[in-house]
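Printed here is run00.tsv (TSV, C-alpha atoms and all ligand atoms):
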chain	number	residue	atom	x	y	z
A	1222	MET	CA	36.27	4.13	36.21
A	1223	ILE	CA	36.29	3.93	32.46
A	1224	THR	CA	33.63	5.66	30.43
A	1225	LYS	CA	33.23	4.86	26.79
A	1226	THR	CA	31.02	6.63	24.36
A	1227	LYS	CA	29.80	4.47	21.54
A	1228	LYS	CA	27.86	5.13	18.43
A	1229	VAL	CA	24.47	3.45	18.34
A	1230	TYR	CA	23.09	2.69	14.91
A	1231	TYR	CA	19.32	2.86	14.46
A	1232	CYS	CA	17.27	1.33	11.71
A	1233	SER	CA	15.63	4.12	9.67
A	1234	TYR	CA	12.43	2.10	9.43
A	1235	CYS	CA	11.82	0.30	12.73
A	1236	LYS	CA	12.98	0.54	16.34
A	1237	LYS	CA	15.88	-1.87	16.00
A	1238	HIS	CA	19.32	-0.58	16.96
A	1239	GLY	CA	22.79	-1.87	17.65
A	1240	LEU	CA	26.47	-1.06	17.86
A	1241	SER	CA	27.47	-2.45	14.49
A	1242	SER	CA	26.91	-0.24	11.46
A	1243	TYR	CA	27.51	-3.27	9.24
A	1244	HIS	CA	24.73	-5.27	10.87
A	1245	MET	CA	22.34	-2.36	10.95
A	1246	LYS	CA	22.92	-1.65	7.27
A	1247	ARG	CA	22.25	-5.32	6.52
A	1248	HIS	CA	19.13	-5.22	8.67
A	1249	GLU	CA	17.84	-2.05	6.98
A	1250	GLU	CA	18.13	-3.65	3.56
A	1251	ARG	CA	15.89	-6.47	4.77
A	1252	CYS	CA	13.74	-4.64	7.33
A	1253	THR	CA	10.06	-5.51	6.90
A	1254	ARG	CA	9.16	-1.84	7.35
A	1255	ASN	CA	11.35	-0.86	4.41
A	1256	LEU	CA	9.25	-1.00	1.24
A	1257	ASP	CA	12.38	-1.08	-0.93
A	1258	ARG	CA	13.74	-4.08	0.92
A	1259	VAL	CA	15.40	-7.14	-0.50
A	1260	CYS	CA	13.82	-10.15	1.13
A	1261	GLY	CA	16.19	-12.10	3.37
A	1262	PHE	CA	13.83	-15.08	3.32
A	1263	CYS	CA	12.81	-15.70	-0.27
A	1264	GLY	CA	15.57	-13.57	-1.81
A	1265	GLY	CA	12.99	-11.63	-3.77
A	1266	ARG	CA	13.01	-7.97	-4.64
A	1267	VAL	CA	9.35	-7.18	-4.77
A	1268	GLU	CA	7.34	-4.19	-5.92
A	1269	TYR	CA	5.68	-3.96	-2.53
A	1270	ARG	CA	4.20	-0.53	-3.12
A	1271	GLU	CA	2.26	-1.63	-6.18
A	1272	LYS	CA	0.89	-4.69	-4.43
A	1273	ILE	CA	0.04	-2.79	-1.25
A	1274	THR	CA	-1.86	-0.14	-3.22
A	1275	ALA	CA	-3.82	-2.84	-5.03
A	1276	TYR	CA	-4.75	-4.59	-1.77
A	1277	LYS	CA	-5.54	-1.31	-0.05
A	1278	ASN	CA	-7.88	-0.29	-2.87
A	1279	ARG	CA	-9.65	-3.63	-2.68
A	1280	ILE	CA	-10.10	-3.42	1.09
A	1281	ASP	CA	-11.39	0.13	0.77
A	1282	LYS	CA	-13.80	-0.93	-1.92
A	1283	GLU	CA	-15.08	-3.95	-0.05
A	1284	LEU	CA	-15.26	-2.58	3.46
A	1285	LEU	CA	-14.83	1.07	3.89
A	1286	GLN	CA	-17.48	2.50	1.64
A	1287	PRO	CA	-18.30	6.09	2.44
A	1288	GLY	CA	-21.58	6.22	4.30
A	1289	GLU	CA	-20.96	2.84	5.94
A	1290	PRO	CA	-19.25	3.84	9.15
A	1291	GLY	CA	-20.82	0.89	11.00
A	1292	MET	CA	-18.13	-1.53	9.85
A	1293	VAL	CA	-16.51	-2.93	12.99
A	1294	THR	CA	-14.48	-6.03	13.83
A	1295	GLU	CA	-17.46	-7.66	15.53
A	1296	ASP	CA	-19.04	-8.02	12.12
A	1297	PRO	CA	-18.06	-11.55	11.00
A	1298	ALA	CA	-18.64	-10.62	7.36
A	1299	TYR	CA	-16.10	-7.87	7.72
A	1300	GLN	CA	-13.41	-10.08	9.23
A	1301	LYS	CA	-14.05	-12.66	6.51
A	1302	VAL	CA	-13.05	-10.14	3.84
A	1303	ILE	CA	-9.77	-9.41	5.66
A	1304	ASP	CA	-9.15	-13.14	6.23
A	1305	ASP	CA	-9.71	-13.86	2.53
A	1306	ILE	CA	-7.39	-11.06	1.46
A	1307	LEU	CA	-4.73	-12.34	3.89
A	1308	ILE	CA	-4.96	-15.80	2.28
A	1309	GLU	CA	-4.42	-14.14	-1.10
A	1310	ILE	CA	-1.44	-12.13	0.19
A	1311	ILE	CA	0.15	-15.31	1.60
A	1312	ASP	CA	-0.43	-17.02	-1.74
A	1313	ASP	CA	0.86	-14.02	-3.70
A	1314	PHE	CA	4.20	-14.20	-1.85
A	1315	GLU	CA	4.39	-17.99	-1.93
A	1316	THR	CA	4.07	-18.09	1.87
A	1317	CYS	CA	7.24	-16.02	2.46
A	1318	PRO	CA	6.63	-14.71	6.02
A	1319	ALA	CA	8.83	-11.62	5.70
A	1320	CYS	CA	7.17	-10.50	2.46
A	1321	VAL	CA	3.70	-11.08	3.93
A	1322	LEU	CA	4.65	-9.17	7.10
A	1323	THR	CA	5.93	-6.25	5.02
A	1324	VAL	CA	2.59	-5.96	3.23
A	1325	VAL	CA	0.45	-6.59	6.32
A	1326	ARG	CA	2.37	-4.02	8.39
A	1327	GLU	CA	2.03	-1.34	5.75
A	1328	LEU	CA	-1.67	-2.10	5.22
A	1329	LEU	CA	-2.27	-1.86	8.97
A	1330	ARG	CA	-0.54	1.51	8.99
A	1331	GLN	CA	-2.83	2.75	6.23
A	1332	LEU	CA	-6.06	1.19	7.46
A	1333	PRO	CA	-8.22	2.25	10.41
A	1334	PRO	CA	-7.03	0.88	13.77
A	1335	TRP	CA	-9.81	-1.70	14.13
A	1336	VAL	CA	-8.55	-3.72	11.18
A	1337	THR	CA	-6.61	-6.82	12.20
A	1338	PHE	CA	-4.90	-9.55	10.22
A	1339	ASN	CA	-4.84	-12.90	11.97
A	1340	TYR	CA	-1.26	-13.57	10.95
A	1341	ASP	CA	1.06	-15.43	13.29
A	1342	TYR	CA	4.43	-14.29	11.98
A	1343	LYS	CA	6.53	-16.40	14.37
A	1344	ALA	CA	4.62	-19.57	13.52
A	1345	GLU	CA	4.90	-18.83	9.80
A	1346	VAL	CA	8.66	-18.26	10.13
A	1347	ALA	CA	9.00	-21.62	11.91
A	1348	LYS	CA	6.97	-23.30	9.13
A	1349	TRP	CA	9.11	-21.59	6.48
A	1350	TRP	CA	12.39	-22.92	7.91
A	1351	GLU	CA	10.78	-26.31	8.37
A	1352	GLY	CA	9.94	-26.27	4.66
A	1353	THR	CA	13.40	-25.23	3.49
A	1354	LYS	CA	14.96	-28.20	5.28
A	1355	GLU	CA	13.15	-30.67	3.04
A	1401	ZN	ZN	14.27	-2.19	10.82
A	1402	ZN	ZN	10.14	-12.77	0.84
Take the structure in this file and express it as structure tokens.
Ligand SMILES: [Zn+2]
Ligand SMILES: [Zn+2]
Amino acid sequence: MITKTKKVYYCSYCKKHGLSSYHMKRHEERCTRNLDRVCGFCGGRVEYREKITAYKNRIDKELLQPGEPGMVTEDPAYQKVIDDILIEIIDDFETCPACVLTVVRELLRQLPPWVTFNYDYKAEVAKWWEGTKE
């Protein structure tokens, strides 16, 4: 029997791992949980933190006023605010799915657990590649 011990490389930001340090380094640079990422889709280097803070402040202002703990997902007015902000985020990043996911993921981390963004990342990625073929 042969036993081999191999190094496993883990992304510092998400759960992804693999046996190639080269590939993991490349992934980390583009990982959508890395706020200093370079986008592998649109090629952009974006000030994600600034944009996330701006969106977070707006969501807080519009939804999470102190003394209004009754805000829940069942409230259609509430979901409308999130839906509208998502449309703006998509527009802000010129539909780049990886940039949008980076922002949405970080916002979800910062916001209360009942907040959801109706964003279909896989479908948006498919649309993106469809668009680049033209
Ligand atoms: Zn990662
Ligand atoms: Zn991008």
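You can rank A:Ser1241, A:Asn1278, A:Ser1233, A:Gln1300 by their closest distance to ligand ZN 1401 (chain A) using only C-alpha atoms and all ligand atoms, and at the top of that list sits A:Ser1233.
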Please check which protein, DNA or RNA residues sit within 7 Å of ligand ZN 1401 (chain A), counting all atoms listed in the file, and write them as a CSV table (one decimal) with C-alpha atoms, keeping the file's coordinate frame.
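That gives us pocket.csv:
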chain,number,residue,atom,x,y,z
A,1232,CYS,CA,17.3,1.3,11.7
A,1233,SER,CA,15.6,4.1,9.7
A,1234,TYR,CA,12.4,2.1,9.4
A,1235,CYS,CA,11.8,0.3,12.7
A,1236,LYS,CA,13.0,0.5,16.3
A,1237,LYS,CA,15.9,-1.9,16.0
A,1248,HIS,CA,19.1,-5.2,8.7
A,1249,GLU,CA,17.8,-2.0,7.0
A,1252,CYS,CA,13.7,-4.6,7.3
A,1253,THR,CA,10.1,-5.5,6.9
A,1254,ARG,CA,9.2,-1.8,7.4
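Checking A:Glu1315, A:Val1229, A:Val1324, A:Arg1247 one by one against Lys1272 in chain A, counting only C-alpha atoms, you find the shortest gap at A:Val1324.
In this structure, CA of Glu1250 in chain A sits 28.6 Å away from CA of Ile1303 in chain A.
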Give the residues close to ligand ZN 1402 (chain A), within 8 Å, counting all atoms listed in the file; write them as a PDB file with C-alpha atoms, keeping the file's coordinate frame.
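Final output, saved to pocket_22.pdb:
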ATOM      1  CA  VAL A1259      15.400  -7.140  -0.500  1.00  0.00           C
ATOM      2  CA  CYS A1260      13.820 -10.150   1.130  1.00  0.00           C
ATOM      3  CA  GLY A1261      16.190 -12.100   3.370  1.00  0.00           C
ATOM      4  CA  PHE A1262      13.830 -15.080   3.320  1.00  0.00           C
ATOM      5  CA  CYS A1263      12.810 -15.700  -0.270  1.00  0.00           C
ATOM      6  CA  GLY A1264      15.570 -13.570  -1.810  1.00  0.00           C
ATOM      7  CA  GLY A1265      12.990 -11.630  -3.770  1.00  0.00           C
ATOM      8  CA  ARG A1266      13.010  -7.970  -4.640  1.00  0.00           C
ATOM      9  CA  VAL A1267       9.350  -7.180  -4.770  1.00  0.00           C
ATOM     10  CA  PHE A1314       4.200 -14.200  -1.850  1.00  0.00           C
ATOM     11  CA  CYS A1317       7.240 -16.020   2.460  1.00  0.00           C
ATOM     12  CA  PRO A1318       6.630 -14.710   6.020  1.00  0.00           C
ATOM     13  CA  ALA A1319       8.830 -11.620   5.700  1.00  0.00           C
ATOM     14  CA  CYS A1320       7.170 -10.500   2.460  1.00  0.00           C
ATOM     15  CA  VAL A1321       3.700 -11.080   3.930  1.00  0.00           C
TER      16      VAL A1321
END
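The two atoms in question, CA of Thr1316 in chain A and CA of Trp1350 in chain A, are spaced 11.4 Å apart.
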- Counting all atoms listed in the file, the residue among A:Tyr1269, A:Tyr1340, A:Tyr1299, A:Trp1335 that lies closest to Glu1283 in chain A is A:Tyr1299
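In this model, the gap between CA of Lys1227 in chain A and CA of Asn1255 in chain A comes to 25.7 Å.
The shell of residues at most 10 Å from Val1336 in chain A, with all atoms listed in the file counted and near chain neighbours (fewer than 2 positions) removed, consists of A:Met1292, A:Val1293, A:Thr1294, A:Tyr1299, A:Gln1300, A:Ile1303, A:Leu1328, A:Leu1329, A:Arg1330, A:Gln1331, A:Leu1332, A:Pro1333, A:Pro1334, A:Phe1338, A:Asn1339.
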With C-alpha atoms retained, could you export that selection as a PDB file, in the coordinates of the input?
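Everything below was put into result-v9.pdb:
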ATOM      1  CA  MET A1292     -18.130  -1.530   9.850  1.00  0.00           C
ATOM      2  CA  VAL A1293     -16.510  -2.930  12.990  1.00  0.00           C
ATOM      3  CA  THR A1294     -14.480  -6.030  13.830  1.00  0.00           C
ATOM      4  CA  TYR A1299     -16.100  -7.870   7.720  1.00  0.00           C
ATOM      5  CA  GLN A1300     -13.410 -10.080   9.230  1.00  0.00           C
ATOM      6  CA  ILE A1303      -9.770  -9.410   5.660  1.00  0.00           C
ATOM      7  CA  LEU A1328      -1.670  -2.100   5.220  1.00  0.00           C
ATOM      8  CA  LEU A1329      -2.270  -1.860   8.970  1.00  0.00           C
ATOM      9  CA  ARG A1330      -0.540   1.510   8.990  1.00  0.00           C
ATOM     10  CA  GLN A1331      -2.830   2.750   6.230  1.00  0.00           C
ATOM     11  CA  LEU A1332      -6.060   1.190   7.460  1.00  0.00           C
ATOM     12  CA  PRO A1333      -8.220   2.250  10.410  1.00  0.00           C
ATOM     13  CA  PRO A1334      -7.030   0.880  13.770  1.00  0.00           C
ATOM     14  CA  PHE A1338      -4.900  -9.550  10.220  1.00  0.00           C
ATOM     15  CA  ASN A1339      -4.840 -12.900  11.970  1.00  0.00           C
TER      16      ASN A1339
END
- Can you work out which one of A:Met1222, A:Tyr1276, A:Glu1271, A:Arg1326 has the shortest atom-to-atom distance to Ile1308 in chain A, counting only C-alpha atoms? A:Tyr1276
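You can rank A:Leu1322, A:Ala1298, A:Glu1327, A:Leu1256 by their closest distance to Lys1343 in chain A using all atoms listed in the file, and at the top of that list sits A:Leu1322.
Using all atoms listed in the file, the smallest distance between any of A:Gly1239, A:Ile1306, A:Tyr1230, A:Gly1352 and Ile1273 in chain A comes from A:Ile1306.
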